Amino acid sequence: MDNILDELNDKQKEAVEYLDGPLLILAGAGSGKTRALTYKIAYLLQKDIVKPYQILAITFTNKAAREMKERILKLVKEDANDIWLGTFHAICVRILKREIEKLGYTRDFNIFDEQDKTKLIKDILKRLDLDEKQYNPGYIAYEISRAKDEMKLPEKYLSEAMGDYRKEKIAEIYKVYQSDLKKNNAIDFDDIIMLTVQIFLDNSEVLSYYQNKFKYILVDEYQDTNKIQFLLISLLSSVNKNICVVGDESQSIYGFRGADISNILNFEETFKNAKVIKLEENYRSTKNILDAANNVINNNKSKIEKKLWTQNGIGEKINYKTLQNEYEEAEYITENIDDICKKEKKTYSDFAVLFRTNAQSRVLEEVFLRESIPYRLIGGLKFYSRKEIKDLSSYLKLIHNPNDNISLKRIINEPKRGIGETALQKLESIARSKDVSIFEAIKDTENLNGLRSAGNIIQFRQMICDLIDKKDKIKVSELMLEILDKTGYKNELEMENTKESEDRLENIMEYVGVALEFEKENAENSLGEFLDAQALISDVDNIDEGQSAVTLMTMHSAKGLEFEVVFLAGMEEGLFPSKRSIDEDETVEEERRLCYVAITRAKQKLFITNASKRTIYGSTTYTIPSRFIDEIPDELFDEISQDNITLRKKKEKNFLDDEYSQVKSFLSNDEGFNINSKSSSFGISVDSFLKNINIAPTKITTNNIDLYEVGMSVKHKKFGVGKITKIEAEGDDYKLDISFENYGNKRLMAAYTPLEILK
DNA sequence: AAAACGCCGGTTTTT
DNA sequence: CCGGCGTTTT
């Protein structure tokens, strides 16, 4: 521990030792940026430059915080637990717990999740008599969220909306939303940071306390911070000016949720006398993999010049394979995993399959299950959005904070206890007229006069009050069991005795297990702490490295992680880059950065796959390989992949103008295949399709077009059974004349037509 | 009050 | 294709 600096390269050492003012560490993928950060903290403590509690260190996930804490503990003996180390949200909740009363909330505030938020917005729309179709709750939520990212309170939002009727309406909704939250003594996810900043701005003594307290502020993954996070750290660092941020603009992938890449691009201008140190040596990947990543990212116009290099060997070449459909793609992946496991000394946990959308995971899971390959799926797991889990957690939230109307409304008649819609509506309007919460209204028995369900309501009230009395006396897990028992929730499920109810019970017990786990790790476990932790937890936080299983997750979730072998599945235009991004350069660039992140997760071996035909959400589309594949030089692919590439190139060359028009007329014809499908799915519109071909002519590798013969019986998805009457070559494709039994004669292009050969 | 039905809409990524 | 939600039915 005397010479922790010896374990660093020159640049990292420089970054650790530089202590005078703002420091920007530009660190490419796998260059040991987290390592530099960790060692810097250890160094600060070891040299006794600051006390642990004077350090504020912000990570992107709770898991990263946990790991960093462990590593610091190993390096220095100081108590790393006293460091303020966590995500922006975790840190701000901690501050809010101390300071939120200044804004008129109490410490027992609840944190609303997305579902609660949407419910509240829908409530408000009803109250304001606005049409949900015109004011899509999801869109409103998004707008409010973006506004909060920029510290725009309803008044500010309104002032900017002037003249725009719709925005003015949204401003009105936002205003009511905010005041409703407060009445519920609840905050939403974005409030966690916004309210913290608001407290700082309104209370100079509070701000100055934290400004002086934190002598050093460190931020990891700085490229993914948003405006308000920037504001927060600017405020906090403005006294001591010791702000050290680490990031890589090439890995900025959260623009869609307000992350502002200019935070990192403009760091030097914003923080005077900032020092910049670049970490450019990659310790993770082979040269081939790094080459691929560099080539891809070089297609982005906006980036800070830096060249990532490695002393690692050249390594194996990249494997690229186009499969017929998503099932074959999954099978190809499992086969390769099996194969590599057999031939090399690898375990399942060395592998990761990364995809763009969670929707892709279903087929992968299916095949992994069938092939008996253990896997763990990160994210997409809707455990917490399951009804039974939401119900139980709503009970907990109501008990913790009885003013939470959203939670109360969810469970007041769950399980059924004869408190119907009319009664609830009456109670709600009484509560509103008296400006109290619904639970508060229930407490006054006079308010129940004339309600048929008054008796039931009183019983409910008593039950909740009893549970509130108990909440601080027993453990959270015990409270859960008590709720399940006293409410009759458990009994009802047991009586139902179906497969579904059994599943639900199982889920509930798993949730109780989560609480037990929490109690083990947290000495001072209170209900509030448990609920906060639940609200802040992310999917990656739960990765259990211990078990030997292949990791399946989105490319976003993979940020910051690394694996020996990585599969990138579904590398297709419209999927990745996503359909919604391909019309704008800026968003494509973000997709490209995501691709860069995905590639650089791999240490030794990279597989890229796509399916020529993919079914998602019920509709099947023919696909075009992702432009990102073209951006990787051919020579980086292995021999087996070359056929795939040659085939594609050949198609490209022969893809002449008249064929474009054929494709176009074919597509607009509504015959055969549904590449467009106007409003739905991941398919590609004719325009983007053609635009794409023009930008980067790509192949259409599809059916085994060579297999068709005149006289063959074939089956078409829409036209049914028919016989091929004529085949004519058309570039690399064939025109098939088919006489269908029920639809007459049609002329179809072989490459675009899904035909089943009947013989 | 609860179950059953049927329609519509959304389906990128998430601390 | 799925879930959510409003409507109708019992």
# chains A, B, ... in the order shown; residues from 1 in each chain; ligands from 1
>>> select_by_dssp(residues="stretch 214-404 of chain A", states="helix (DSSP H, G or I)", output="MDAnalysis selection string")
chainID A and resid 222:224 227:237 249:251 255:257 262:265 267:270 287:297 326:343 348:350 358:370 383:385 387:400
>>> residues_around(residues="stretch 339-348 of chain A", least_positions_apart="5", cutoff="7 Å", atoms="only C-alpha atoms (C1' of nucleotides)", output="list in words")
Ser548, Ala549 and Val550 of chain A
>>> interface_residues(of="chain A", to="chain B", cutoff="9 Å", atoms="only C-alpha atoms (C1' of nucleotides)", output="MDAnalysis selection string")
chainID A and resid 60:61 87:89 189 253:254 256:257 356:359 418 420 536:538 554:557 575 578:580 617 680:682
>>> closest_atom_pairs(of="chain A", to="chain C", cutoff="9 Å", atoms="only C-alpha atoms (C1' of nucleotides)", output="CSV")
residue,atom,partner,partner_atom,distance
A:Ile616,CA,C:DC1,C1',7.9
A:Tyr617,CA,C:DC1,C1',4.5
A:Gly618,CA,C:DC1,C1',4.8
A:Ser619,CA,C:DC1,C1',8.4
>>> write_last_selection(atoms="N, CA, C and O atoms", output="PDB file, in the first residue's frame")
ATOM      1  N   ILE A 616     -40.630  -9.514 -35.339  1.00  0.00           N
ATOM      2  CA  ILE A 616     -40.752  -8.864 -34.044  1.00  0.00           C
ATOM      3  C   ILE A 616     -42.156  -8.314 -33.918  1.00  0.00           C
ATOM      4  O   ILE A 616     -42.677  -7.705 -34.839  1.00  0.00           O
ATOM      5  N   TYR A 617     -42.758  -8.520 -32.779  1.00  0.00           N
ATOM      6  CA  TYR A 617     -44.111  -8.046 -32.535  1.00  0.00           C
ATOM      7  C   TYR A 617     -45.058  -8.429 -33.646  1.00  0.00           C
ATOM      8  O   TYR A 617     -45.826  -7.620 -34.141  1.00  0.00           O
ATOM      9  N   GLY A 618     -44.939  -9.642 -34.071  1.00  0.00           N
ATOM     10  CA  GLY A 618     -45.950 -10.162 -34.971  1.00  0.00           C
ATOM     11  C   GLY A 618     -45.736  -9.922 -36.448  1.00  0.00           C
ATOM     12  O   GLY A 618     -46.337 -10.584 -37.266  1.00  0.00           O
ATOM     13  N   SER A 619     -44.874  -8.978 -36.804  1.00  0.00           N
ATOM     14  CA  SER A 619     -44.700  -8.806 -38.238  1.00  0.00           C
ATOM     15  C   SER A 619     -43.269  -9.125 -38.647  1.00  0.00           C
ATOM     16  O   SER A 619     -42.312  -8.796 -37.962  1.00  0.00           O
TER      17      SER A 619
END
>>> residues_around(residues="stretch 33-37 of chain A", least_positions_apart="6", cutoff="10 Å", atoms="only C-alpha atoms (C1' of nucleotides)", output="count of residues only")
33
>>> select_by_dssp(residues="stretch 448-636 of chain A", states="strand (DSSP E or B)", output="number ranges by chain")
A: 550-554, 563-568, 572, 574-575, 578, 602-611, 613-616, 619-622, 625
>>> residues_around(residues="A:Ala90", least_positions_apart="2", cutoff="9 Å", atoms="only C-alpha atoms (C1' of nucleotides)", output="short mmCIF file (atom, residue, chain, number, x, y, z; two decimals) with all heavy atoms, in the first residue's frame")
data_model
loop_
_atom_site.label_atom_id
_atom_site.label_comp_id
_atom_site.auth_asym_id
_atom_site.auth_seq_id
_atom_site.Cartn_x
_atom_site.Cartn_y
_atom_site.Cartn_z
N ASN A 62 -24.99 1.62 -9.04
CA ASN A 62 -24.74 1.24 -7.65
C ASN A 62 -23.67 0.16 -7.57
O ASN A 62 -22.87 0.13 -6.66
CB ASN A 62 -26.03 0.74 -6.99
CG ASN A 62 -27.08 1.82 -6.95
OD1 ASN A 62 -26.91 2.84 -6.30
ND2 ASN A 62 -28.17 1.62 -7.67
N LEU A 85 -20.03 8.06 -1.70
CA LEU A 85 -19.79 7.34 -2.94
C LEU A 85 -21.08 6.70 -3.42
O LEU A 85 -21.69 5.91 -2.71
CB LEU A 85 -18.71 6.26 -2.68
CG LEU A 85 -18.33 5.26 -3.75
CD1 LEU A 85 -17.96 5.93 -5.05
CD2 LEU A 85 -17.19 4.39 -3.28
N GLY A 86 -21.51 7.05 -4.62
CA GLY A 86 -22.74 6.47 -5.14
C GLY A 86 -23.16 7.13 -6.44
O GLY A 86 -22.43 7.97 -6.97
N THR A 87 -24.31 6.75 -6.93
CA THR A 87 -24.82 7.38 -8.15
C THR A 87 -25.32 8.78 -7.81
O THR A 87 -25.52 9.11 -6.65
CB THR A 87 -26.01 6.59 -8.72
OG1 THR A 87 -27.06 6.59 -7.75
CG2 THR A 87 -25.63 5.15 -9.03
N PHE A 88 -25.53 9.57 -8.83
CA PHE A 88 -26.10 10.90 -8.62
C PHE A 88 -27.37 10.79 -7.78
O PHE A 88 -27.58 11.56 -6.84
CB PHE A 88 -26.46 11.56 -9.96
CG PHE A 88 -25.32 12.36 -10.55
CD1 PHE A 88 -24.59 11.88 -11.62
CD2 PHE A 88 -25.00 13.61 -10.02
CE1 PHE A 88 -23.55 12.62 -12.16
CE2 PHE A 88 -23.97 14.37 -10.56
CZ PHE A 88 -23.24 13.86 -11.63
N CYS A 92 -28.01 12.20 -4.00
CA CYS A 92 -29.00 13.25 -3.81
C CYS A 92 -30.12 12.83 -2.86
O CYS A 92 -30.63 13.66 -2.10
CB CYS A 92 -29.57 13.70 -5.15
SG CYS A 92 -28.38 14.67 -6.10
N VAL A 93 -30.49 11.57 -2.88
CA VAL A 93 -31.49 11.10 -1.92
C VAL A 93 -30.94 11.30 -0.50
O VAL A 93 -31.64 11.74 0.41
CB VAL A 93 -31.85 9.62 -2.14
CG1 VAL A 93 -32.59 9.04 -0.94
CG2 VAL A 93 -32.73 9.47 -3.38
N ARG A 94 -29.67 11.02 -0.36
CA ARG A 94 -29.03 11.18 0.94
C ARG A 94 -29.09 12.64 1.39
O ARG A 94 -29.37 12.93 2.56
CB ARG A 94 -27.58 10.73 0.81
CG ARG A 94 -26.91 10.49 2.12
CD ARG A 94 -25.61 9.76 1.92
NE ARG A 94 -24.80 9.88 3.13
CZ ARG A 94 -23.54 9.49 3.22
NH1 ARG A 94 -22.95 8.95 2.17
NH2 ARG A 94 -22.88 9.63 4.34
N ILE A 95 -28.86 13.53 0.46
CA ILE A 95 -28.95 14.95 0.80
C ILE A 95 -30.39 15.35 1.09
O ILE A 95 -30.68 16.06 2.06
CB ILE A 95 -28.35 15.82 -0.35
CG1 ILE A 95 -26.85 15.53 -0.48
CG2 ILE A 95 -28.58 17.31 -0.08
CD1 ILE A 95 -26.18 16.19 -1.67
N ILE A 192 -35.34 13.92 -7.74
CA ILE A 192 -34.27 13.59 -6.81
C ILE A 192 -33.12 14.58 -6.99
O ILE A 192 -32.60 15.13 -6.02
CB ILE A 192 -33.78 12.13 -7.01
CG1 ILE A 192 -34.89 11.16 -6.65
CG2 ILE A 192 -32.53 11.88 -6.18
CD1 ILE A 192 -34.54 9.70 -6.93
N ASP A 532 -36.29 3.31 -0.54
CA ASP A 532 -35.35 4.14 -1.32
C ASP A 532 -34.44 3.26 -2.14
O ASP A 532 -34.22 3.49 -3.33
CB ASP A 532 -34.51 5.02 -0.40
CG ASP A 532 -35.34 6.15 0.20
OD1 ASP A 532 -36.45 6.39 -0.31
OD2 ASP A 532 -34.89 6.78 1.17
N ALA A 533 -33.88 2.25 -1.47
CA ALA A 533 -32.96 1.36 -2.16
C ALA A 533 -33.67 0.70 -3.34
O ALA A 533 -33.10 0.58 -4.43
CB ALA A 533 -32.42 0.30 -1.21
N LEU A 536 -33.98 3.03 -6.28
CA LEU A 536 -32.74 3.44 -6.95
C LEU A 536 -32.01 2.31 -7.63
O LEU A 536 -31.05 2.53 -8.35
CB LEU A 536 -31.81 4.11 -5.94
CG LEU A 536 -32.33 5.39 -5.30
CD1 LEU A 536 -31.32 5.93 -4.31
CD2 LEU A 536 -32.64 6.44 -6.36
#
>>> residues_around(residues="stretch 108-116 of chain A", least_positions_apart="6", cutoff="8 Å", atoms="only C-alpha atoms (C1' of nucleotides)", output="number ranges by chain")
A: 185-189, 397, 400-401, 404, 406-407, 528, 531-532, 535
>>> write_last_selection(atoms="all heavy atoms", output="CSV table (one decimal), in the first residue's frame")
chain,number,residue,atom,x,y,z
A,185,ASN,N,-46.6,13.9,-0.8
A,185,ASN,CA,-45.3,13.8,-0.2
A,185,ASN,C,-44.4,12.8,-1.0
A,185,ASN,O,-43.8,11.9,-0.4
A,185,ASN,CB,-45.4,13.4,1.3
A,185,ASN,CG,-44.1,13.6,2.0
A,185,ASN,OD1,-43.3,14.5,1.6
A,185,ASN,ND2,-43.9,12.9,3.0
A,186,ALA,N,-44.5,13.0,-2.3
A,186,ALA,CA,-43.7,12.1,-3.2
A,186,ALA,C,-42.9,12.9,-4.1
A,186,ALA,O,-43.2,14.1,-4.4
A,186,ALA,CB,-44.7,11.2,-3.9
A,187,ILE,N,-41.8,12.3,-4.6
A,187,ILE,CA,-41.0,12.9,-5.6
A,187,ILE,C,-40.8,11.9,-6.7
A,187,ILE,O,-40.9,10.7,-6.5
A,187,ILE,CB,-39.7,13.4,-5.1
A,187,ILE,CG1,-38.8,12.2,-4.7
A,187,ILE,CG2,-39.9,14.3,-3.9
A,187,ILE,CD1,-37.4,12.7,-4.2
A,188,ASP,N,-40.6,12.4,-7.9
A,188,ASP,CA,-40.3,11.4,-9.0
A,188,ASP,C,-38.8,11.3,-9.2
A,188,ASP,O,-38.0,12.0,-8.5
A,188,ASP,CB,-41.0,11.7,-10.3
A,188,ASP,CG,-40.5,13.0,-11.0
A,188,ASP,OD1,-39.4,13.4,-10.7
A,188,ASP,OD2,-41.2,13.5,-11.9
A,189,PHE,N,-38.4,10.5,-10.1
A,189,PHE,CA,-37.0,10.2,-10.3
A,189,PHE,C,-36.1,11.4,-10.6
A,189,PHE,O,-35.0,11.6,-10.1
A,189,PHE,CB,-36.8,9.1,-11.3
A,189,PHE,CG,-35.7,8.1,-11.0
A,189,PHE,CD1,-36.0,7.1,-10.1
A,189,PHE,CD2,-34.5,8.2,-11.5
A,189,PHE,CE1,-35.0,6.2,-9.7
A,189,PHE,CE2,-33.5,7.4,-11.2
A,189,PHE,CZ,-33.7,6.3,-10.3
A,397,LYS,N,-45.4,1.3,0.7
A,397,LYS,CA,-45.3,2.8,0.5
A,397,LYS,C,-46.4,3.6,1.2
A,397,LYS,O,-46.1,4.6,1.8
A,397,LYS,CB,-45.4,3.1,-1.0
A,397,LYS,CG,-44.0,2.8,-1.7
A,397,LYS,CD,-44.2,2.7,-3.2
A,397,LYS,CE,-43.8,3.9,-4.0
A,397,LYS,NZ,-43.8,3.6,-5.5
A,400,HIS,N,-45.5,3.6,4.8
A,400,HIS,CA,-44.3,4.5,5.1
A,400,HIS,C,-44.8,6.0,5.0
A,400,HIS,O,-44.4,6.8,5.7
A,400,HIS,CB,-43.3,4.2,4.0
A,400,HIS,CG,-42.1,5.2,4.1
A,400,HIS,ND1,-41.7,6.0,3.1
A,400,HIS,CD2,-41.2,5.4,5.1
A,400,HIS,CE1,-40.7,6.7,3.4
A,400,HIS,NE2,-40.3,6.3,4.7
A,401,ASN,N,-45.7,6.2,4.0
A,401,ASN,CA,-46.1,7.6,3.8
A,401,ASN,C,-47.6,7.6,3.4
A,401,ASN,O,-48.0,7.5,2.2
A,401,ASN,CB,-45.3,8.2,2.6
A,401,ASN,CG,-45.9,9.4,2.0
A,401,ASN,OD1,-46.7,10.1,2.7
A,401,ASN,ND2,-45.5,9.8,0.8
A,404,ASP,N,-49.5,9.1,0.3
A,404,ASP,CA,-49.3,8.7,-1.1
A,404,ASP,C,-50.7,8.1,-1.6
A,404,ASP,O,-51.0,7.0,-1.5
A,404,ASP,CB,-48.2,7.6,-1.1
A,404,ASP,CG,-47.9,7.1,-2.5
A,404,ASP,OD1,-48.7,7.3,-3.4
A,404,ASP,OD2,-46.9,6.4,-2.6
A,406,ILE,N,-51.6,7.7,-4.7
A,406,ILE,CA,-51.5,6.7,-5.8
A,406,ILE,C,-51.3,5.3,-5.3
A,406,ILE,O,-52.0,4.4,-5.7
A,406,ILE,CB,-50.2,7.1,-6.7
A,406,ILE,CG1,-50.3,8.5,-7.3
A,406,ILE,CG2,-50.0,6.0,-7.7
A,406,ILE,CD1,-51.4,8.6,-8.4
A,407,SER,N,-50.5,5.1,-4.2
A,407,SER,CA,-50.4,3.8,-3.6
A,407,SER,C,-51.7,3.4,-3.0
A,407,SER,O,-52.2,2.2,-3.1
A,407,SER,CB,-49.3,3.8,-2.6
A,407,SER,OG,-48.0,3.9,-3.3
A,528,GLY,N,-38.1,3.0,5.2
A,528,GLY,CA,-37.8,4.1,4.3
A,528,GLY,C,-36.5,3.7,3.5
A,528,GLY,O,-36.5,3.9,2.3
A,531,LEU,N,-37.3,1.1,0.9
A,531,LEU,CA,-38.0,1.6,-0.3
A,531,LEU,C,-37.1,2.5,-1.1
A,531,LEU,O,-37.2,2.4,-2.4
A,531,LEU,CB,-39.2,2.5,0.2
A,531,LEU,CG,-40.4,1.6,0.8
A,531,LEU,CD1,-41.4,2.5,1.4
A,531,LEU,CD2,-41.0,0.7,-0.2
A,532,ASP,N,-36.3,3.3,-0.5
A,532,ASP,CA,-35.4,4.1,-1.3
A,532,ASP,C,-34.4,3.3,-2.1
A,532,ASP,O,-34.2,3.5,-3.3
A,532,ASP,CB,-34.5,5.0,-0.4
A,532,ASP,CG,-35.3,6.1,0.2
A,532,ASP,OD1,-36.5,6.4,-0.3
A,532,ASP,OD2,-34.9,6.8,1.2
A,535,ALA,N,-36.1,1.9,-5.0
A,535,ALA,CA,-36.4,2.8,-6.1
A,535,ALA,C,-35.1,3.1,-6.9
A,535,ALA,O,-35.2,3.4,-8.1
A,535,ALA,CB,-36.9,4.1,-5.5
>>> atom_distance(atom1="atom CA of A:Ile170", atom2="atom CA of A:Asp149")
16.1 Å
